[in-house]
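**Student:** Handing you this structure, nothing more for now.
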Amino acid sequence: MDLEVIDIIFTYGKFTALTPSSRNNHKPHCLQKLYEICLYLLYVVGFIASIYINYCVYQVLTTVQIVLGIVCDLNQFCYVFYILIVMMRLRRSRWLRLIKSLAAVKSAPKKIPLKVIFVASQLVYTCLASVGIYGSIEHANLDLAGLNIGEFYQNYAQFFYLVFTSILLILLLSRYEHISETLSQLIKTRSQLHSKQVVEVLKKIKNSVFTLKEGVEFFNDIFGWSILFTIFSCVSRTLIYLDVIIKHSEVLEGQDALLFYYDFCRIVISWFGVLSTIFLCDSILKKCDEILAKAYQLEGMMSSYENEEILVFIDVVQHNHPEFRAARFFSIDRSTLFSVLNSLTTFLLVLIQFKGM
């Protein structure tokens, strides 16, 4: 079953306290809670040490650069706080209810196993992180690089959840695809089925629509804030490094070049994750529109006995249309990309005006 990928993700995530230890981990025992708390305190210490190390850097920055740096650091700190405290402590039950919703609905077959996607992503990030650690040691020394452990942890947490979010959206999409395929099959074989059989199929699909709508709401409750933090992180980091290129192009050839290209790769990966999230959400919305169109098509083929059931089904699909939200601030669909790029362009123009200041 495709939910086996969640077991693998939980196996990876439990070591860094980013996920429950298993799908059956309803109530973590005392050692688990202690481990998660200690890991968070260790992160806080690492975050403070990182701020201390970068304090001298802030002193030579312009006002705009300082604001961008502070926004980026606070965003990352809030992101980790949300994961380790809010998600793992206050919303743990929603994880399990989301998985239960996914398990209750059949999925369409996938071209590439999700387990392969997840494992490959971890290998890619491991290679990238190795480059970053090597660059930190080369830039400073082993002791100073060790103080940046908080930064490495928050970077991995963001990457981990970008991959996890995309995989969950693929799982949701495959279930809506299965509903669409079932309706297509029902339209093709309508003349060969009895009225009772048609009504029974529609009732099963209706229950699946209810279940998936509930799953989407759980997804929003769990991942809405993390998606919002990730978008802020991508925009702020992109502005910071565009500002560096505009004002300090010599860094591309200096001793900091390796770290600069490492950060550039992380930004590209983050943007890829954000784009993946946006387009997957949009694909699910399109698939639901397709399901509704097929329901209307099926309505014209119904007998008087089946007509009442198909009308109820259409009403259910219309009133249980999924909506993905980033912490209730805005809906996530394809138009979100243009809004983000518009904001990025606006801030970039401001940075260009401040060039040389």
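The chains in the structure tokens are called A, B, ... from first to last as shown; in each chain the residues are counted from 1, and the ligands are counted from 1 in the order shown.
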Show which residues sit within 10 Å of stretch 306-322 of chain A, as JSON, numbers by chain. Count only C-alpha atoms, and ignore same-chain residues fewer than 2 positions away.
**Tutor:** {"A": [194, 195, 196, 197, 198, 199, 200, 202, 203, 205, 206, 207, 209, 210, 211, 212, 213, 214, 215, 216, 217, 281, 284, 285, 288, 289, 291, 292, 293, 294, 295, 296, 298, 299, 300, 301, 302, 303, 304, 324, 325]}
**Student:** Tell me, as a PyMOL selection string, which residues lie within 9 Å of A:Ser180, counting only C-alpha atoms; anything in the same chain fewer than 2 positions away does not count.
**Tutor:** chain A and resi 175-178+182-185+287-288+290-291+294
**Student:** Let me make sure I understand: among A:Ile187, A:Leu31, A:Ile222, A:Val235, which one has the smallest atom-to-atom distance to A:Arg91 if we use only C-alpha atoms?
**Tutor:**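 Of the candidates, the smallest distance to A:Arg91 is held by A:Ile222.
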**Student:** Where does stretch 165-242 of chain A meet stretch 340-353 of chain A within 10 Å, residue by residue, with the nearest atom pair and distance in Å to one decimal for each, counting only C-alpha atoms, listed by chain and rising number, as a tab-separated table?
**Tutor:**
residue	atom	partner	partner_atom	distance
A:Ile231	CA	A:Val340	CA	8.0
A:Phe232	CA	A:Val340	CA	9.2
A:Cys234	CA	A:Leu344	CA	9.7
A:Val235	CA	A:Leu344	CA	6.3
A:Ser236	CA	A:Leu344	CA	8.6
A:Thr238	CA	A:Leu344	CA	8.4
A:Leu239	CA	A:Leu348	CA	6.5
A:Ile240	CA	A:Leu351	CA	9.4
A:Leu242	CA	A:Leu348	CA	7.9
**Student:** Generate the output file for the selected residues, C-alpha atoms, as a PDB file, in the first residue's frame.
**Tutor:**
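Result written to result_15.pdb:
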ATOM      1  CA  ILE A 231       7.317  30.825   1.396  1.00  0.00           C
ATOM      2  CA  PHE A 232       8.581  33.636   3.646  1.00  0.00           C
ATOM      3  CA  CYS A 234      12.270  31.493   0.146  1.00  0.00           C
ATOM      4  CA  VAL A 235      11.396  35.130  -0.521  1.00  0.00           C
ATOM      5  CA  SER A 236      13.652  36.566   2.205  1.00  0.00           C
ATOM      6  CA  THR A 238      16.240  35.085  -2.352  1.00  0.00           C
ATOM      7  CA  LEU A 239      16.238  38.825  -1.656  1.00  0.00           C
ATOM      8  CA  ILE A 240      19.320  38.521   0.569  1.00  0.00           C
ATOM      9  CA  LEU A 242      20.172  38.895  -4.921  1.00  0.00           C
TER      10      LEU A 242
END
**Student:** One decimal, Å: what's the distance from atom CA of A:Arg94 over to atom CA of A:Thr11, could you say?
**Tutor:**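 It comes out at 18.3 Å.
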**Student:** Just asking: which residues within stretch 248-355 of chain A are alpha helix (DSSP H) according to DSSP, as a VMD selection string?
**Tutor:** chain A and resid 257 to 299 304 to 319 334 to 353
**Student:** Quick one, how far is atom CA of A:Gly224 from atom CA of A:Arg23?
**Tutor:**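 Separating atom CA of A:Gly224 from atom CA of A:Arg23 is a distance of 20.7 Å.
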**Student:** Would you list the contacts of stretch 78-89 of chain A as a list in words, taking every protein, DNA or RNA residue within 7 Å and counting only C-alpha atoms, but skipping same-chain residues closer than 4 positions in sequence?
**Tutor:** Ala17, Leu18, Thr19, Tyr40, Leu74, Gln154, Ile222, Ser226 and Phe229 of chain A
**Student:** Can I get the selection written as a PDB file, in the first residue's frame, with N, CA, C and O atoms?
**Tutor:**
ATOM      1  N   ALA A  17      13.139  14.365  15.742  1.00  0.00           N
ATOM      2  CA  ALA A  17      11.912  14.851  16.419  1.00  0.00           C
ATOM      3  C   ALA A  17      11.018  15.657  15.486  1.00  0.00           C
ATOM      4  O   ALA A  17      10.294  16.541  15.922  1.00  0.00           O
ATOM      5  N   LEU A  18      11.047  15.336  14.194  1.00  0.00           N
ATOM      6  CA  LEU A  18      10.234  16.063  13.228  1.00  0.00           C
ATOM      7  C   LEU A  18       8.894  15.397  12.965  1.00  0.00           C
ATOM      8  O   LEU A  18       7.992  16.019  12.393  1.00  0.00           O
ATOM      9  N   THR A  19       8.745  14.136  13.360  1.00  0.00           N
ATOM     10  CA  THR A  19       7.501  13.404  13.169  1.00  0.00           C
ATOM     11  C   THR A  19       7.271  12.471  14.358  1.00  0.00           C
ATOM     12  O   THR A  19       8.208  12.200  15.130  1.00  0.00           O
ATOM     13  N   TYR A  40      14.940  20.461  21.197  1.00  0.00           N
ATOM     14  CA  TYR A  40      14.523  21.845  20.973  1.00  0.00           C
ATOM     15  C   TYR A  40      15.425  22.810  21.743  1.00  0.00           C
ATOM     16  O   TYR A  40      15.828  23.849  21.206  1.00  0.00           O
ATOM     17  N   LEU A  74      14.253  35.204  12.223  1.00  0.00           N
ATOM     18  CA  LEU A  74      13.043  35.035  13.036  1.00  0.00           C
ATOM     19  C   LEU A  74      12.077  34.053  12.381  1.00  0.00           C
ATOM     20  O   LEU A  74      11.427  33.253  13.074  1.00  0.00           O
ATOM     21  N   GLN A 154      17.722  23.607  11.291  1.00  0.00           N
ATOM     22  CA  GLN A 154      16.540  24.277  10.751  1.00  0.00           C
ATOM     23  C   GLN A 154      16.487  24.152   9.226  1.00  0.00           C
ATOM     24  O   GLN A 154      15.395  24.048   8.639  1.00  0.00           O
ATOM     25  N   ILE A 222      -2.279  21.044   9.919  1.00  0.00           N
ATOM     26  CA  ILE A 222      -0.919  20.607  10.242  1.00  0.00           C
ATOM     27  C   ILE A 222       0.127  21.408   9.472  1.00  0.00           C
ATOM     28  O   ILE A 222       1.096  21.914  10.044  1.00  0.00           O
ATOM     29  N   SER A 226       3.534  25.757   8.198  1.00  0.00           N
ATOM     30  CA  SER A 226       4.853  25.400   7.667  1.00  0.00           C
ATOM     31  C   SER A 226       4.998  25.855   6.219  1.00  0.00           C
ATOM     32  O   SER A 226       6.080  26.299   5.801  1.00  0.00           O
ATOM     33  N   PHE A 229       5.610  29.666   6.413  1.00  0.00           N
ATOM     34  CA  PHE A 229       6.989  29.950   6.826  1.00  0.00           C
ATOM     35  C   PHE A 229       7.975  29.656   5.687  1.00  0.00           C
ATOM     36  O   PHE A 229       8.958  30.387   5.505  1.00  0.00           O
TER      37      PHE A 229
END
**Student:** Go through A:Tyr161, A:Tyr156, A:Phe218, A:Phe264 one by one, measure the shortest atom-to-atom distance of each to A:Thr277 using only C-alpha atoms, and give the residue with the smallest value.
**Tutor:**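 Among the listed residues, A:Tyr161 lies closest to A:Thr277.
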**Student:** What lies within 8 Å of stretch 130-133 of chain A using only C-alpha atoms, ignoring chain neighbours under 2 positions off, as an MDAnalysis selection string?
**Tutor:** chainID A and resid 126:128 135:137 145 258:259 262
**Student:** Kindly save the residues from that selection, with all heavy atoms included, as an mmCIF file, in the first residue's frame.
**Tutor:**
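As written to disk, result-v2.cif reads:
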data_model
loop_
_atom_site.group_PDB
_atom_site.id
_atom_site.type_symbol
_atom_site.label_atom_id
_atom_site.label_comp_id
_atom_site.auth_asym_id
_atom_site.auth_seq_id
_atom_site.Cartn_x
_atom_site.Cartn_y
_atom_site.Cartn_z
ATOM 1 N N THR A 126 21.818 15.049 1.808
ATOM 2 C CA THR A 126 23.021 14.657 2.553
ATOM 3 C C THR A 126 24.279 15.130 1.840
ATOM 4 O O THR A 126 25.208 15.660 2.465
ATOM 5 C CB THR A 126 23.059 13.133 2.733
ATOM 6 O OG1 THR A 126 21.901 12.700 3.468
ATOM 7 C CG2 THR A 126 24.312 12.706 3.496
ATOM 8 N N CYS A 127 24.305 14.961 0.523
ATOM 9 C CA CYS A 127 25.453 15.436 -0.261
ATOM 10 C C CYS A 127 25.583 16.952 -0.177
ATOM 11 O O CYS A 127 26.685 17.491 0.010
ATOM 12 C CB CYS A 127 25.306 14.999 -1.712
ATOM 13 S SG CYS A 127 25.346 13.212 -1.958
ATOM 14 N N LEU A 128 24.447 17.644 -0.287
ATOM 15 C CA LEU A 128 24.467 19.104 -0.227
ATOM 16 C C LEU A 128 24.906 19.593 1.147
ATOM 17 O O LEU A 128 25.707 20.531 1.266
ATOM 18 C CB LEU A 128 23.083 19.655 -0.566
ATOM 19 C CG LEU A 128 22.944 21.189 -0.593
ATOM 20 C CD1 LEU A 128 23.856 21.784 -1.657
ATOM 21 C CD2 LEU A 128 21.501 21.581 -0.848
ATOM 22 N N GLY A 135 32.300 23.706 3.713
ATOM 23 C CA GLY A 135 32.499 25.134 3.472
ATOM 24 C C GLY A 135 32.574 25.930 4.754
ATOM 25 O O GLY A 135 33.364 26.876 4.869
ATOM 26 N N SER A 136 31.752 25.557 5.752
ATOM 27 C CA SER A 136 31.777 26.258 7.042
ATOM 28 C C SER A 136 33.109 26.059 7.751
ATOM 29 O O SER A 136 33.671 26.992 8.326
ATOM 30 C CB SER A 136 30.634 25.759 7.928
ATOM 31 O OG SER A 136 29.383 26.055 7.357
ATOM 32 N N ILE A 137 33.624 24.837 7.707
ATOM 33 C CA ILE A 137 34.911 24.548 8.348
ATOM 34 C C ILE A 137 36.050 25.282 7.638
ATOM 35 O O ILE A 137 36.944 25.833 8.270
ATOM 36 C CB ILE A 137 35.167 23.026 8.358
ATOM 37 C CG1 ILE A 137 34.123 22.322 9.232
ATOM 38 C CG2 ILE A 137 36.577 22.715 8.863
ATOM 39 C CD1 ILE A 137 34.200 20.807 9.182
ATOM 40 N N ALA A 145 32.217 26.278 13.229
ATOM 41 C CA ALA A 145 31.269 25.532 12.396
ATOM 42 C C ALA A 145 30.312 24.724 13.272
ATOM 43 O O ALA A 145 29.129 24.583 12.960
ATOM 44 C CB ALA A 145 32.020 24.609 11.439
ATOM 45 N N LEU A 258 32.212 29.070 -1.969
ATOM 46 C CA LEU A 258 31.626 27.743 -1.762
ATOM 47 C C LEU A 258 30.346 27.832 -0.940
ATOM 48 O O LEU A 258 29.327 27.218 -1.288
ATOM 49 C CB LEU A 258 32.638 26.828 -1.072
ATOM 50 C CG LEU A 258 32.171 25.376 -0.836
ATOM 51 C CD1 LEU A 258 31.860 24.708 -2.174
ATOM 52 C CD2 LEU A 258 33.227 24.582 -0.076
ATOM 53 N N LEU A 259 30.385 28.613 0.144
ATOM 54 C CA LEU A 259 29.185 28.784 0.966
ATOM 55 C C LEU A 259 28.090 29.502 0.195
ATOM 56 O O LEU A 259 26.904 29.208 0.362
ATOM 57 C CB LEU A 259 29.528 29.565 2.246
ATOM 58 C CG LEU A 259 30.249 28.779 3.346
ATOM 59 C CD1 LEU A 259 30.589 29.713 4.507
ATOM 60 C CD2 LEU A 259 29.389 27.620 3.837
ATOM 61 N N TYR A 262 26.538 27.020 -2.058
ATOM 62 C CA TYR A 262 25.763 26.089 -1.222
ATOM 63 C C TYR A 262 24.408 26.693 -0.867
ATOM 64 O O TYR A 262 23.363 26.034 -1.002
ATOM 65 C CB TYR A 262 26.555 25.760 0.050
ATOM 66 C CG TYR A 262 25.719 25.227 1.186
ATOM 67 C CD1 TYR A 262 25.179 23.945 1.153
ATOM 68 C CD2 TYR A 262 25.462 26.012 2.316
ATOM 69 C CE1 TYR A 262 24.410 23.455 2.201
ATOM 70 C CE2 TYR A 262 24.705 25.534 3.365
ATOM 71 C CZ TYR A 262 24.183 24.261 3.304
ATOM 72 O OH TYR A 262 23.414 23.779 4.347
#
**Student:** Can you tell me how far atom CA of A:Gln158 sits from atom CA of A:Lys27, in Å to one decimal?
**Tutor:** 24.8 Å
**Student:** So that I can see what lies close to stretch 70-73 of chain A, please list as a list in words the residues with an atom at most 7 Å from it, counting only C-alpha atoms and leaving out residues fewer than 4 positions away in the same chain.
**Tutor:** Ile66, Phe77, Ser233, Ser236 and Arg237 of chain A
**Student:** Save the residues we just selected, all heavy atoms, as a short mmCIF file (atom, residue, chain, number, x, y, z; two decimals), in the first residue's frame?
**Tutor:**
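Listed below is the output, part01.cif:
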data_model
loop_
_atom_site.label_atom_id
_atom_site.label_comp_id
_atom_site.auth_asym_id
_atom_site.auth_seq_id
_atom_site.Cartn_x
_atom_site.Cartn_y
_atom_site.Cartn_z
N ILE A 66 19.97 44.49 7.20
CA ILE A 66 19.72 44.07 8.58
C ILE A 66 18.27 43.60 8.73
O ILE A 66 18.00 42.56 9.35
CB ILE A 66 20.01 45.23 9.56
CG1 ILE A 66 21.52 45.52 9.61
CG2 ILE A 66 19.50 44.89 10.96
CD1 ILE A 66 21.88 46.73 10.44
N PHE A 77 13.38 30.57 13.08
CA PHE A 77 13.19 30.20 14.49
C PHE A 77 11.73 29.85 14.76
O PHE A 77 11.43 28.84 15.42
CB PHE A 77 13.62 31.35 15.40
CG PHE A 77 13.50 31.04 16.87
CD1 PHE A 77 14.48 30.30 17.52
CD2 PHE A 77 12.40 31.46 17.60
CE1 PHE A 77 14.37 29.99 18.87
CE2 PHE A 77 12.27 31.15 18.95
CZ PHE A 77 13.26 30.42 19.58
N SER A 233 10.51 32.20 3.94
CA SER A 233 11.94 31.88 3.92
C SER A 233 12.51 31.98 2.51
O SER A 233 13.59 32.56 2.30
CB SER A 233 12.17 30.47 4.47
OG SER A 233 13.52 30.09 4.38
N SER A 236 12.64 35.79 1.49
CA SER A 236 13.65 36.57 2.20
C SER A 236 15.06 36.14 1.82
O SER A 236 15.94 36.99 1.60
CB SER A 236 13.45 36.43 3.72
OG SER A 236 13.52 35.08 4.14
N ARG A 237 15.30 34.83 1.71
CA ARG A 237 16.64 34.37 1.34
C ARG A 237 16.99 34.75 -0.10
O ARG A 237 18.13 35.10 -0.41
CB ARG A 237 16.74 32.85 1.51
CG ARG A 237 16.83 32.41 2.97
CD ARG A 237 17.09 30.92 3.09
NE ARG A 237 17.22 30.53 4.49
CZ ARG A 237 18.32 30.63 5.21
NH1 ARG A 237 19.41 31.13 4.65
NH2 ARG A 237 18.35 30.24 6.46
#
**Student:** Set the distance at 9 Å and use only C-alpha atoms: which residues neighbour A:Leu162 once local chain neighbours fewer than 2 positions away are removed? I'd like the list as a PyMOL selection string.
**Tutor:** chain A and resi 157-160+164-167+226-227+230+270+273-274+276-277
**Student:** Measuring between only C-alpha atoms, which one of A:Ile99, A:Leu275, A:Cys30, A:Ile6 shows the shortest distance to A:Val119?
**Tutor:** A:Ile6
